[in-house]
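Asks: What follows is data-v3.pdb, made up of PDB, C-alpha atoms:
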ATOM      1  CA  MET A 139      10.071  29.896 -17.409  1.00  0.00           C
ATOM      2  CA  THR A 140       7.531  30.054 -14.610  1.00  0.00           C
ATOM      3  CA  LEU A 141       8.237  29.057 -11.029  1.00  0.00           C
ATOM      4  CA  GLN A 142       6.401  25.739 -11.515  1.00  0.00           C
ATOM      5  CA  GLU A 143       8.396  24.983 -14.652  1.00  0.00           C
ATOM      6  CA  PHE A 144      11.635  25.865 -12.902  1.00  0.00           C
ATOM      7  CA  PHE A 145      10.672  23.594  -9.989  1.00  0.00           C
ATOM      8  CA  LEU A 146      10.005  20.683 -12.380  1.00  0.00           C
ATOM      9  CA  LEU A 147      13.347  21.301 -14.074  1.00  0.00           C
ATOM     10  CA  LEU A 148      15.122  21.427 -10.720  1.00  0.00           C
ATOM     11  CA  MET A 149      13.439  18.209  -9.556  1.00  0.00           C
ATOM     12  CA  SER A 150      14.395  16.449 -12.784  1.00  0.00           C
ATOM     13  CA  VAL A 151      18.004  17.626 -12.563  1.00  0.00           C
ATOM     14  CA  LEU A 152      18.336  16.728  -8.871  1.00  0.00           C
ATOM     15  CA  ALA A 153      16.786  13.286  -9.363  1.00  0.00           C
ATOM     16  CA  SER A 154      19.032  12.554 -12.352  1.00  0.00           C
ATOM     17  CA  THR A 155      22.104  13.815 -10.508  1.00  0.00           C
ATOM     18  CA  SER A 156      21.196  11.656  -7.518  1.00  0.00           C
ATOM     19  CA  GLY A 157      20.876   8.738  -9.924  1.00  0.00           C
ATOM     20  CA  GLN A 158      24.401   9.437 -11.178  1.00  0.00           C
ATOM     21  CA  PHE A 159      25.719   9.528  -7.621  1.00  0.00           C
ATOM     22  CA  PHE A 160      24.116   6.256  -6.566  1.00  0.00           C
ATOM     23  CA  LEU A 161      25.058   4.470  -9.783  1.00  0.00           C
ATOM     24  CA  LYS A 162      28.688   5.493  -9.273  1.00  0.00           C
ATOM     25  CA  SER A 163      28.564   4.388  -5.621  1.00  0.00           C
ATOM     26  CA  GLY A 164      27.165   1.017  -6.658  1.00  0.00           C
ATOM     27  CA  ALA A 165      29.627   0.647  -9.506  1.00  0.00           C
ATOM     28  CA  VAL A 166      32.508   1.179  -7.102  1.00  0.00           C
ATOM     29  CA  LYS A 167      31.170  -1.720  -5.032  1.00  0.00           C
ATOM     30  CA  LEU A 168      30.882  -3.942  -8.101  1.00  0.00           C
ATOM     31  CA  GLY A 169      34.432  -3.360  -9.212  1.00  0.00           C
ATOM     32  CA  LYS A 170      35.775  -3.567 -12.738  1.00  0.00           C
ATOM     33  CA  VAL A 171      33.860  -5.618 -15.259  1.00  0.00           C
ATOM     34  CA  ASN A 172      35.635  -7.754 -17.837  1.00  0.00           C
ATOM     35  CA  LEU A 173      34.658 -10.671 -20.056  1.00  0.00           C
ATOM     36  CA  SER A 174      35.324 -13.293 -17.405  1.00  0.00           C
ATOM     37  CA  ASN A 175      33.089 -11.722 -14.745  1.00  0.00           C
ATOM     38  CA  ALA A 176      30.534  -9.814 -16.869  1.00  0.00           C
ATOM     39  CA  LEU A 177      27.580 -12.143 -16.316  1.00  0.00           C
ATOM     40  CA  ASN A 178      28.243 -12.363 -12.593  1.00  0.00           C
ATOM     41  CA  GLN A 179      28.559  -8.570 -12.327  1.00  0.00           C
ATOM     42  CA  ILE A 180      25.342  -8.018 -14.277  1.00  0.00           C
ATOM     43  CA  LEU A 181      23.515 -10.341 -11.897  1.00  0.00           C
ATOM     44  CA  SER A 182      25.088  -8.512  -8.943  1.00  0.00           C
ATOM     45  CA  ILE A 183      23.351  -5.318  -9.993  1.00  0.00           C
ATOM     46  CA  ILE A 184      20.089  -6.696  -8.597  1.00  0.00           C
ATOM     47  CA  ALA A 185      21.712  -7.217  -5.189  1.00  0.00           C
ATOM     48  CA  THR A 186      23.424  -3.816  -4.964  1.00  0.00           C
ATOM     49  CA  PRO A 187      21.120  -1.325  -3.203  1.00  0.00           C
ATOM     50  CA  GLU A 188      22.947   1.747  -4.494  1.00  0.00           C
ATOM     51  CA  LEU A 189      22.395   0.668  -8.083  1.00  0.00           C
ATOM     52  CA  LEU A 190      18.699   0.066  -7.507  1.00  0.00           C
ATOM     53  CA  ILE A 191      18.352   3.452  -5.801  1.00  0.00           C
ATOM     54  CA  GLY A 192      20.218   5.059  -8.716  1.00  0.00           C
ATOM     55  CA  LEU A 193      17.858   3.491 -11.237  1.00  0.00           C
ATOM     56  CA  ALA A 194      14.851   4.634  -9.187  1.00  0.00           C
ATOM     57  CA  CYS A 195      16.253   8.179  -9.113  1.00  0.00           C
ATOM     58  CA  TYR A 196      16.671   8.087 -12.887  1.00  0.00           C
ATOM     59  CA  ALA A 197      13.059   6.949 -13.236  1.00  0.00           C
ATOM     60  CA  MET A 198      11.888   9.811 -11.026  1.00  0.00           C
ATOM     61  CA  GLY A 199      14.014  12.230 -13.072  1.00  0.00           C
ATOM     62  CA  ALA A 200      12.445  10.925 -16.285  1.00  0.00           C
ATOM     63  CA  VAL A 201       8.917  11.337 -14.931  1.00  0.00           C
ATOM     64  CA  THR A 202       9.542  14.922 -13.822  1.00  0.00           C
ATOM     65  CA  TYR A 203      11.218  15.651 -17.163  1.00  0.00           C
ATOM     66  CA  ILE A 204       8.135  14.370 -18.995  1.00  0.00           C
ATOM     67  CA  LEU A 205       5.984  16.620 -16.820  1.00  0.00           C
ATOM     68  CA  LEU A 206       8.298  19.513 -17.687  1.00  0.00           C
ATOM     69  CA  LEU A 207       7.925  18.750 -21.398  1.00  0.00           C
ATOM     70  CA  THR A 208       4.163  19.167 -21.094  1.00  0.00           C
ATOM     71  CA  ARG A 209       4.796  22.821 -20.172  1.00  0.00           C
ATOM     72  CA  VAL A 210       8.054  23.885 -21.858  1.00  0.00           C
ATOM     73  CA  ASN A 211       9.430  23.659 -25.394  1.00  0.00           C
ATOM     74  CA  LEU A 212      11.950  20.899 -25.973  1.00  0.00           C
ATOM     75  CA  SER A 213      14.392  23.525 -27.241  1.00  0.00           C
ATOM     76  CA  ILE A 214      14.458  24.967 -23.713  1.00  0.00           C
ATOM     77  CA  ALA A 215      14.013  21.834 -21.587  1.00  0.00           C
ATOM     78  CA  ALA A 216      16.725  19.698 -23.202  1.00  0.00           C
ATOM     79  CA  PRO A 217      19.595  22.190 -22.934  1.00  0.00           C
ATOM     80  CA  SER A 218      18.490  23.145 -19.409  1.00  0.00           C
ATOM     81  CA  SER A 219      18.662  19.520 -18.331  1.00  0.00           C
ATOM     82  CA  SER A 220      22.396  19.606 -19.054  1.00  0.00           C
ATOM     83  CA  LEU A 221      22.728  21.092 -15.589  1.00  0.00           C
ATOM     84  CA  VAL A 222      23.032  17.428 -14.589  1.00  0.00           C
ATOM     85  CA  TYR A 223      26.569  17.544 -16.020  1.00  0.00           C
ATOM     86  CA  ILE A 224      27.516  20.450 -13.776  1.00  0.00           C
ATOM     87  CA  PHE A 225      26.200  18.821 -10.628  1.00  0.00           C
ATOM     88  CA  SER A 226      27.681  15.428 -11.542  1.00  0.00           C
ATOM     89  CA  VAL A 227      31.153  16.932 -11.872  1.00  0.00           C
ATOM     90  CA  LEU A 228      30.726  18.617  -8.481  1.00  0.00           C
ATOM     91  CA  LEU A 229      29.577  15.335  -6.899  1.00  0.00           C
ATOM     92  CA  GLY A 230      32.571  13.577  -8.433  1.00  0.00           C
ATOM     93  CA  TYR A 231      34.869  16.190  -6.983  1.00  0.00           C
ATOM     94  CA  PHE A 232      33.423  16.275  -3.457  1.00  0.00           C
ATOM     95  CA  PHE A 233      32.466  12.630  -2.930  1.00  0.00           C
ATOM     96  CA  PHE A 234      34.737  10.587  -5.190  1.00  0.00           C
ATOM     97  CA  ARG A 235      37.830  12.813  -5.080  1.00  0.00           C
ATOM     98  CA  GLU A 236      37.837  13.296  -8.860  1.00  0.00           C
ATOM     99  CA  SER A 237      39.856  16.215 -10.151  1.00  0.00           C
ATOM    100  CA  ILE A 238      38.420  19.166 -12.038  1.00  0.00           C
ATOM    101  CA  THR A 239      41.033  20.299 -14.510  1.00  0.00           C
ATOM    102  CA  LEU A 240      41.134  23.770 -16.009  1.00  0.00           C
ATOM    103  CA  VAL A 241      39.934  22.391 -19.358  1.00  0.00           C
ATOM    104  CA  ARG A 242      36.989  20.649 -17.666  1.00  0.00           C
ATOM    105  CA  LEU A 243      36.169  23.856 -15.803  1.00  0.00           C
ATOM    106  CA  LEU A 244      36.202  25.731 -19.098  1.00  0.00           C
ATOM    107  CA  GLY A 245      33.862  23.155 -20.616  1.00  0.00           C
ATOM    108  CA  LEU A 246      31.482  23.459 -17.676  1.00  0.00           C
ATOM    109  CA  SER A 247      31.463  27.235 -18.072  1.00  0.00           C
ATOM    110  CA  PHE A 248      30.468  26.784 -21.735  1.00  0.00           C
ATOM    111  CA  ILE A 249      27.574  24.571 -20.624  1.00  0.00           C
ATOM    112  CA  VAL A 250      26.369  27.171 -18.116  1.00  0.00           C
ATOM    113  CA  SER A 251      26.743  29.961 -20.678  1.00  0.00           C
ATOM    114  CA  GLY A 252      24.809  27.924 -23.220  1.00  0.00           C
ATOM    115  CA  ILE A 253      21.971  27.284 -20.789  1.00  0.00           C
ATOM    116  CA  ILE A 254      21.742  30.985 -19.972  1.00  0.00           C
ATOM    117  CA  LEU A 255      21.643  31.898 -23.658  1.00  0.00           C
ATOM    118  CA  VAL A 256      18.978  29.260 -24.422  1.00  0.00           C
ATOM    119  CA  ILE A 257      16.561  30.291 -21.648  1.00  0.00           C
ATOM    120  CA  TRP A 258      17.227  34.052 -21.910  1.00  0.00           C
ATOM    121  CA  ARG A 259      14.106  36.047 -22.713  1.00  0.00           C
ATOM    122  CA  LYS A 260      14.322  39.400 -24.466  1.00  0.00           C
TER     123      LYS A 260
END
Take the structure in this file and express it as structure tokens.
Replies:
Amino acid sequence: MTLQEFFLLLMSVLASTSGQFFLKSGAVKLGKVNLSNALNQILSIIATPELLIGLACYAMGAVTYILLLTRVNLSIAAPSSSLVYIFSVLLGYFFFRESITLVRLLGLSFIVSGIILVIWRK
């Protein structure tokens, strides 16, 4: 993976992770959705800035991912984009006070190990 390809991957991962963060922040503002308030909550999405920012971040992540796919095999790009999971768990821990259990930590280590094995060059 060249420096340009790595930069595109990093931009895609950071944009998608930012999208996760803002969507969670907006969802917290919306509150729980159930059958009685579903339509109202769906309409509230348009008026919640965090949700709109989150969707824009996802769009930016998708565009940079497409640009990455023009340079890198899908078999490398797709597993590498799972770094979003790692960063999302860390954001959940630091900003939303979500716990990281030992089992979750083990799962994250498998993801990192898998990414290393997929992009490893002999």
Asks: Can you spell out as a PyMOL selection string the set of residues that the PyMOL selection byres ((chain A and resi 184-188) around 12) selects in the structure I just provided?
Replies: chain A and resi 156-169+178-183+189-195
Asks: Which residue, A:Leu246, A:Leu141, A:Ala215, A:Val210, has the smallest gap to Val227 of chain A when you use only C-alpha atoms?
Replies: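 That would be A:Leu246, the residue with the smallest distance to Val227 of chain A.
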Asks: Using the chain letters and residue numbers of this document, give as JSON, numbers by chain the residues selected by the PyMOL selection byres ((chain A and resi 201) around 12).
Replies: {"A": [146, 147, 149, 150, 151, 153, 154, 194, 195, 196, 197, 198, 199, 200, 202, 203, 204, 205, 206, 207, 208]}
Asks: In Å to one decimal, how far is atom CA of Met139 of chain A from atom CA of Tyr223 of chain A?
Replies: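 Value for the atom CA of Tyr223 of chain A-atom CA of Met139 of chain A distance: 20.7 Å.
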Asks: May I ask for the distance between atom CA of Ile214 of chain A and atom CA of Ile253 of chain A, given in Å to one decimal place?
Replies: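 Interatomic distance, atom CA of Ile214 of chain A to atom CA of Ile253 of chain A: 8.4 Å.
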Asks: Interatomic distance between atom CA of Gln142 of chain A and atom CA of Gly252 of chain A?
Replies: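 Rounded to one decimal, the two atoms are 21.9 Å apart.
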Asks: If you count all atoms listed in the file, which residues fall within 12 Å of Val250 of chain A, apart from same-chain ones fewer than 3 positions away, as a list in words?
Replies: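 Contacts, with the query itself left out: Pro217, Ser218, Ser219, Ser220, Leu221, Val222, Tyr223, Ile224, Phe225, Leu243, Leu244, Gly245, Leu246, Ser247, Ile253, Ile254, Leu255, Val256 and Ile257 of chain A.
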